[in-house]
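S.K.: Structure file data.tsv (TSV, N, CA and C atoms and all ligand atoms) is given on the next line.
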```
chain	number	residue	atom	x	y	z
A	272	MET	N	0.82	-1.19	0.00
A	272	MET	CA	0.00	0.00	0.00
A	272	MET	C	0.87	1.26	0.00
A	273	TYR	N	1.78	1.36	0.97
A	273	TYR	CA	2.57	2.59	1.08
A	273	TYR	C	3.54	2.80	-0.08
A	274	PRO	N	4.18	1.74	-0.60
A	274	PRO	CA	5.09	1.99	-1.73
A	274	PRO	C	4.42	2.71	-2.90
A	275	GLN	N	3.22	2.35	-3.25
A	275	GLN	CA	2.52	3.03	-4.34
A	275	GLN	C	2.17	4.47	-3.95
A	276	MET	N	1.76	4.66	-2.72
A	276	MET	CA	1.43	6.00	-2.25
A	276	MET	C	2.67	6.89	-2.24
A	277	ILE	N	3.82	6.30	-1.89
A	277	ILE	CA	5.09	7.03	-1.90
A	277	ILE	C	5.42	7.46	-3.34
A	278	GLU	N	5.26	6.55	-4.26
A	278	GLU	CA	5.54	6.87	-5.67
A	278	GLU	C	4.60	7.96	-6.18
A	279	ASP	N	3.33	7.86	-5.83
A	279	ASP	CA	2.36	8.87	-6.25
A	279	ASP	C	2.74	10.25	-5.69
A	280	ALA	N	3.12	10.29	-4.42
A	280	ALA	CA	3.50	11.56	-3.80
A	280	ALA	C	4.74	12.14	-4.47
A	281	LYS	N	5.69	11.28	-4.82
A	281	LYS	CA	6.89	11.74	-5.53
A	281	LYS	C	6.51	12.36	-6.87
A	282	GLN	N	5.68	11.66	-7.61
A	282	GLN	CA	5.29	12.13	-8.94
A	282	GLN	C	4.51	13.44	-8.87
A	283	GLU	N	3.77	13.61	-7.79
A	283	GLU	CA	2.97	14.82	-7.63
A	283	GLU	C	3.76	15.95	-6.97
A	284	GLY	N	4.97	15.64	-6.52
A	284	GLY	CA	5.78	16.66	-5.86
A	284	GLY	C	5.19	17.09	-4.53
A	285	ASN	N	4.46	16.20	-3.90
A	285	ASN	CA	3.82	16.51	-2.62
A	285	ASN	C	4.75	16.05	-1.49
A	286	ASN	N	5.63	16.93	-1.07
A	286	ASN	CA	6.65	16.56	-0.08
A	286	ASN	C	6.07	16.25	1.29
A	287	GLY	N	4.99	16.91	1.66
A	287	GLY	CA	4.36	16.61	2.95
A	287	GLY	C	3.80	15.20	2.98
A	288	ALA	N	3.11	14.84	1.90
A	288	ALA	CA	2.55	13.49	1.81
A	288	ALA	C	3.69	12.47	1.73
A	289	LEU	N	4.71	12.78	0.98
A	289	LEU	CA	5.85	11.87	0.84
A	289	LEU	C	6.48	11.59	2.21
A	290	ARG	N	6.65	12.63	2.99
A	290	ARG	CA	7.23	12.48	4.34
A	290	ARG	C	6.34	11.59	5.20
A	291	SER	N	5.05	11.86	5.21
A	291	SER	CA	4.12	11.07	6.02
A	291	SER	C	4.08	9.61	5.59
A	292	PHE	N	4.05	9.37	4.29
A	292	PHE	CA	3.98	7.99	3.80
A	292	PHE	C	5.27	7.23	4.08
A	293	ASN	N	6.40	7.92	3.98
A	293	ASN	CA	7.66	7.26	4.32
A	293	ASN	C	7.70	6.90	5.80
A	294	PHE	N	7.25	7.80	6.64
A	294	PHE	CA	7.19	7.50	8.08
A	294	PHE	C	6.28	6.29	8.31
A	295	ALA	N	5.09	6.33	7.73
A	295	ALA	CA	4.12	5.24	7.94
A	295	ALA	C	4.68	3.91	7.44
A	296	ASN	N	5.33	3.93	6.31
A	296	ASN	CA	5.92	2.71	5.74
A	296	ASN	C	6.97	2.13	6.69
A	297	ASP	N	7.84	2.98	7.20
A	297	ASP	CA	8.89	2.52	8.12
A	297	ASP	C	8.30	2.03	9.44
A	298	VAL	N	7.34	2.77	9.96
A	298	VAL	CA	6.77	2.42	11.26
A	298	VAL	C	5.93	1.14	11.18
A	299	GLU	N	5.29	0.90	10.07
A	299	GLU	CA	4.54	-0.35	9.94
A	299	GLU	C	5.45	-1.57	10.07
A	300	LYS	N	6.66	-1.45	9.62
A	300	LYS	CA	7.63	-2.55	9.77
A	300	LYS	C	7.98	-2.76	11.24
A	301	VAL	N	8.12	-1.67	11.97
A	301	VAL	CA	8.38	-1.77	13.42
A	301	VAL	C	7.20	-2.44	14.11
A	302	HIS	N	6.01	-1.99	13.77
A	302	HIS	CA	4.80	-2.56	14.38
A	302	HIS	C	4.69	-4.05	14.07
A	303	ALA	N	4.99	-4.43	12.84
A	303	ALA	CA	4.92	-5.85	12.48
A	303	ALA	C	5.88	-6.67	13.35
A	304	GLY	N	7.05	-6.13	13.61
A	304	GLY	CA	8.01	-6.82	14.46
A	304	GLY	C	7.51	-6.97	15.89
A	305	LEU	N	6.87	-5.91	16.40
A	305	LEU	CA	6.33	-5.97	17.76
A	305	LEU	C	5.18	-6.98	17.84
A	306	TYR	N	4.32	-6.98	16.83
A	306	TYR	CA	3.21	-7.95	16.81
A	306	TYR	C	3.75	-9.37	16.76
A	307	GLN	N	4.75	-9.59	15.92
A	307	GLN	CA	5.31	-10.94	15.78
A	307	GLN	C	5.95	-11.39	17.09
A	308	LYS	N	6.65	-10.48	17.74
A	308	LYS	CA	7.28	-10.81	19.02
A	308	LYS	C	6.21	-11.19	20.05
A	309	ALA	N	5.13	-10.43	20.08
A	309	ALA	CA	4.05	-10.73	21.02
A	309	ALA	C	3.42	-12.09	20.69
A	310	LEU	N	3.22	-12.37	19.42
A	310	LEU	CA	2.65	-13.66	19.03
A	310	LEU	C	3.58	-14.82	19.36
A	311	ASP	N	4.85	-14.61	19.12
A	311	ASP	CA	5.84	-15.67	19.39
A	311	ASP	C	5.91	-16.01	20.88
A	312	ASN	N	5.54	-15.03	21.71
A	312	ASN	CA	5.62	-15.24	23.16
A	312	ASN	C	4.24	-15.24	23.81
A	313	LEU	N	3.24	-15.57	23.02
A	313	LEU	CA	1.87	-15.54	23.50
A	313	LEU	C	1.72	-16.33	24.81
A	314	GLY	N	1.14	-15.68	25.80
A	314	GLY	CA	0.92	-16.31	27.09
A	314	GLY	C	2.10	-16.21	28.03
A	315	LYS	N	3.22	-15.76	27.55
A	315	LYS	CA	4.40	-15.62	28.41
A	315	LYS	C	5.12	-14.29	28.23
A	316	ASN	N	4.40	-13.29	27.66
A	316	ASN	CA	4.97	-11.95	27.52
A	316	ASN	C	5.06	-11.28	28.88
A	317	ASP	N	6.18	-10.64	29.15
A	317	ASP	CA	6.31	-9.83	30.35
A	317	ASP	C	5.63	-8.49	30.11
A	318	ALA	N	5.14	-7.90	31.19
A	318	ALA	CA	4.57	-6.55	31.07
A	318	ALA	C	5.68	-5.60	30.67
A	319	VAL	N	5.40	-4.74	29.71
A	319	VAL	CA	6.42	-3.81	29.23
A	319	VAL	C	5.77	-2.48	28.90
A	320	ASP	N	6.52	-1.41	29.07
A	320	ASP	CA	6.03	-0.09	28.71
A	320	ASP	C	6.27	0.15	27.22
A	321	TYR	N	5.33	0.84	26.60
A	321	TYR	CA	5.46	1.22	25.19
A	321	TYR	C	5.41	2.74	25.09
A	322	TYR	N	6.25	3.26	24.21
A	322	TYR	CA	6.30	4.69	23.94
A	322	TYR	C	6.09	4.91	22.44
A	323	VAL	N	5.35	5.96	22.11
A	323	VAL	CA	5.06	6.28	20.71
A	323	VAL	C	5.59	7.68	20.39
A	324	CYS	N	6.24	7.77	19.26
A	324	CYS	CA	6.74	9.07	18.77
A	324	CYS	C	5.56	9.85	18.20
A	325	LYS	N	5.35	11.05	18.70
A	325	LYS	CA	4.21	11.84	18.23
A	325	LYS	C	4.45	12.45	16.86
A	326	ILE	N	5.67	12.34	16.36
A	326	ILE	CA	5.95	12.88	15.02
A	326	ILE	C	5.65	11.85	13.94
A	327	CYS	N	6.14	10.62	14.14
A	327	CYS	CA	6.02	9.62	13.07
A	327	CYS	C	5.21	8.39	13.45
A	328	GLY	N	4.92	8.21	14.74
A	328	GLY	CA	4.16	7.04	15.16
A	328	GLY	C	5.01	5.84	15.51
A	329	ASN	N	6.32	5.98	15.43
A	329	ASN	CA	7.19	4.87	15.80
A	329	ASN	C	6.88	4.43	17.24
A	330	THR	N	6.93	3.14	17.47
A	330	THR	CA	6.61	2.58	18.78
A	330	THR	C	7.81	1.79	19.27
A	331	VAL	N	8.17	2.02	20.54
A	331	VAL	CA	9.31	1.31	21.12
A	331	VAL	C	8.91	0.71	22.46
A	332	GLU	N	9.60	-0.35	22.82
A	332	GLU	CA	9.40	-1.01	24.11
A	332	GLU	C	10.41	-0.45	25.11
A	333	GLY	N	10.02	-0.49	26.37
A	333	GLY	CA	10.95	-0.14	27.45
A	333	GLY	C	11.07	1.34	27.64
A	334	GLU	N	12.16	1.92	27.19
A	334	GLU	CA	12.42	3.35	27.34
A	334	GLU	C	12.55	3.98	25.96
A	335	PRO	N	12.11	5.22	25.83
A	335	PRO	CA	12.27	5.88	24.52
A	335	PRO	C	13.75	6.15	24.23
A	336	PRO	N	14.12	6.10	22.97
A	336	PRO	CA	15.51	6.37	22.61
A	336	PRO	C	15.80	7.87	22.67
A	337	ASP	N	17.07	8.22	22.72
A	337	ASP	CA	17.44	9.65	22.70
A	337	ASP	C	16.98	10.32	21.42
A	338	GLU	N	16.95	9.53	20.33
A	338	GLU	CA	16.53	10.07	19.04
A	338	GLU	C	15.72	9.00	18.32
A	339	CYS	N	14.58	9.39	17.80
A	339	CYS	CA	13.74	8.44	17.07
A	339	CYS	C	14.50	7.91	15.84
A	340	PRO	N	14.60	6.60	15.71
A	340	PRO	CA	15.33	6.06	14.56
A	340	PRO	C	14.61	6.25	13.23
A	341	VAL	N	13.35	6.61	13.28
A	341	VAL	CA	12.59	6.81	12.03
A	341	VAL	C	12.63	8.28	11.59
A	342	CYS	N	12.26	9.18	12.49
A	342	CYS	CA	12.13	10.59	12.09
A	342	CYS	C	13.18	11.51	12.71
A	343	LYS	N	14.00	10.97	13.61
A	343	LYS	CA	15.09	11.73	14.25
A	343	LYS	C	14.59	12.74	15.29
A	344	ALA	N	13.32	12.63	15.70
A	344	ALA	CA	12.82	13.51	16.77
A	344	ALA	C	13.54	13.17	18.07
A	345	LYS	N	13.62	14.14	18.94
A	345	LYS	CA	14.27	13.94	20.23
A	345	LYS	C	13.39	13.10	21.17
A	346	LYS	N	14.01	12.61	22.23
A	346	LYS	CA	13.35	11.75	23.21
A	346	LYS	C	12.03	12.34	23.71
A	347	ALA	N	11.99	13.65	23.86
A	347	ALA	CA	10.79	14.32	24.39
A	347	ALA	C	9.57	14.13	23.49
A	348	ALA	N	9.78	13.73	22.25
A	348	ALA	CA	8.65	13.53	21.32
A	348	ALA	C	7.88	12.24	21.63
A	349	PHE	N	8.45	11.39	22.46
A	349	PHE	CA	7.78	10.11	22.76
A	349	PHE	C	6.86	10.28	23.96
A	350	TYR	N	5.71	9.64	23.87
A	350	TYR	CA	4.80	9.60	25.02
A	350	TYR	C	4.47	8.15	25.36
A	351	LYS	N	4.26	7.93	26.63
A	351	LYS	CA	4.00	6.59	27.14
A	351	LYS	C	2.54	6.20	26.92
A	352	ILE	N	2.33	4.96	26.51
A	352	ILE	CA	0.99	4.43	26.37
A	352	ILE	C	0.56	3.85	27.71
A	353	ASP	N	-0.55	4.31	28.22
A	353	ASP	CA	-1.06	3.81	29.51
A	353	ASP	C	-2.03	2.67	29.32
A	401	FE	FE	9.63	9.48	15.22
```
Mind turning the file's structure into structure tokens?
Ligand SMILES: [Fe+2]

M.R.:
Amino acid sequence: MYPQMIEDAKQEGNNGALRSFNFANDVEKVHAGLYQKALDNLGKNDAVDYYVCKICGNTVEGEPPDECPVCKAKKAAFYKID
């Protein structure tokens, strides 16, 4: 889905859309990894804190990084999911 949207945004010269679609494309891969990890450990997952980057939607376990690996936002851009 996102690769075609990225190409369309490039062709249209829509840099805002291109930025958003690239973020979404990258973050979906992170989410897929988190889902797979949870499925692989179904019934034996430890409780863990999750943080989401308010710029790109990247999600991390444990503690937020100093810099978002997807959008390069600073640690303060992450908020904890309750
Ligand atoms: Fe981010």

S.K.: Check every protein, DNA and RNA residue against ligand FE 401 (chain A), keep those with an atom at most 5 Å away (counting only N, CA and C atoms and all ligand atoms), and present them as a PyMOL selection string.

M.R.: chain A and resi 324+326-329+339+341-344

S.K.: Considering only alpha helix (DSSP H) as DSSP defines it on the backbone, what residues of chain A qualify? List them as a VMD selection string.

M.R.: chain A and resid 273 to 283 286 to 311

S.K.: How would you write as a ChimeraX atom specification the residues that get within 6 Å of (2.6, 3.7, 29.0) in the file's frame, counting only N, CA and C atoms?

M.R.: /A:320-321,351-353

S.K.: Would you mind listing what lies within 7 Å of Pro274 (chain A) as an NGL selection string, with all atoms listed in the file counted and same-chain residues fewer than 4 positions away left out?

M.R.: :A and (278-279 or 296)

S.K.: Applying 9 Å and only C-alpha atoms, which residues near region 302-307 of chain A remain after dropping the ones on its own chain fewer than 4 positions away? List them as number ranges by chain.

M.R.: A: 298, 311-312, 329-332

S.K.: Enter the distance from CA of Ala347 (chain A) to CA of Glu334 (chain A), in Å, rounded to one decimal.

M.R.: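 Interatomic distance here is 11.5 Å.
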
S.K.: Just the number, please: distance in Å from CA of Phe349 (chain A) to CA of Phe294 (chain A), one decimal.

M.R.: 14.9 Å

S.K.: Measure the distance from CA of Leu289 (chain A) to CA of Lys345 (chain A) in Å and round it to one decimal.

M.R.: 21.2 Å

S.K.: Which of these residues is nearest to Gly333 (chain A), using only C-alpha atoms: A:Arg290, A:Val319, A:Lys346, A:Leu313?

M.R.: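 Result for the nearest residue to Gly333 (chain A): A:Val319.
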
S.K.: Write down as a list in words the residues of chain A whose backbone DSSP state falls under strand (DSSP E).

M.R.: Tyr321, Tyr322, Val323, Cys324, Thr330, Val331, Glu332, Phe349, Tyr350 and Lys351 of chain A

S.K.: Export region 290-311 of chain A from the structure block above, keeping C-alpha atoms, as an mmCIF file, in the first residue's frame.

M.R.:
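Writing the result to selection-v3.cif gives the following:
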```
data_model
loop_
_atom_site.group_PDB
_atom_site.id
_atom_site.type_symbol
_atom_site.label_atom_id
_atom_site.label_comp_id
_atom_site.auth_asym_id
_atom_site.auth_seq_id
_atom_site.Cartn_x
_atom_site.Cartn_y
_atom_site.Cartn_z
ATOM 1 C CA ARG A 290 7.230 12.484 4.336
ATOM 2 C CA SER A 291 4.118 11.071 6.022
ATOM 3 C CA PHE A 292 3.978 7.987 3.798
ATOM 4 C CA ASN A 293 7.661 7.258 4.318
ATOM 5 C CA PHE A 294 7.188 7.497 8.082
ATOM 6 C CA ALA A 295 4.123 5.240 7.935
ATOM 7 C CA ASN A 296 5.916 2.714 5.745
ATOM 8 C CA ASP A 297 8.885 2.518 8.119
ATOM 9 C CA VAL A 298 6.769 2.423 11.261
ATOM 10 C CA GLU A 299 4.535 -0.355 9.942
ATOM 11 C CA LYS A 300 7.632 -2.551 9.767
ATOM 12 C CA VAL A 301 8.385 -1.770 13.417
ATOM 13 C CA HIS A 302 4.803 -2.564 14.385
ATOM 14 C CA ALA A 303 4.920 -5.854 12.477
ATOM 15 C CA GLY A 304 8.012 -6.820 14.463
ATOM 16 C CA LEU A 305 6.330 -5.973 17.760
ATOM 17 C CA TYR A 306 3.213 -7.949 16.813
ATOM 18 C CA GLN A 307 5.308 -10.936 15.782
ATOM 19 C CA LYS A 308 7.277 -10.806 19.020
ATOM 20 C CA ALA A 309 4.048 -10.735 21.019
ATOM 21 C CA LEU A 310 2.646 -13.665 19.027
ATOM 22 C CA ASP A 311 5.836 -15.665 19.395
#
```
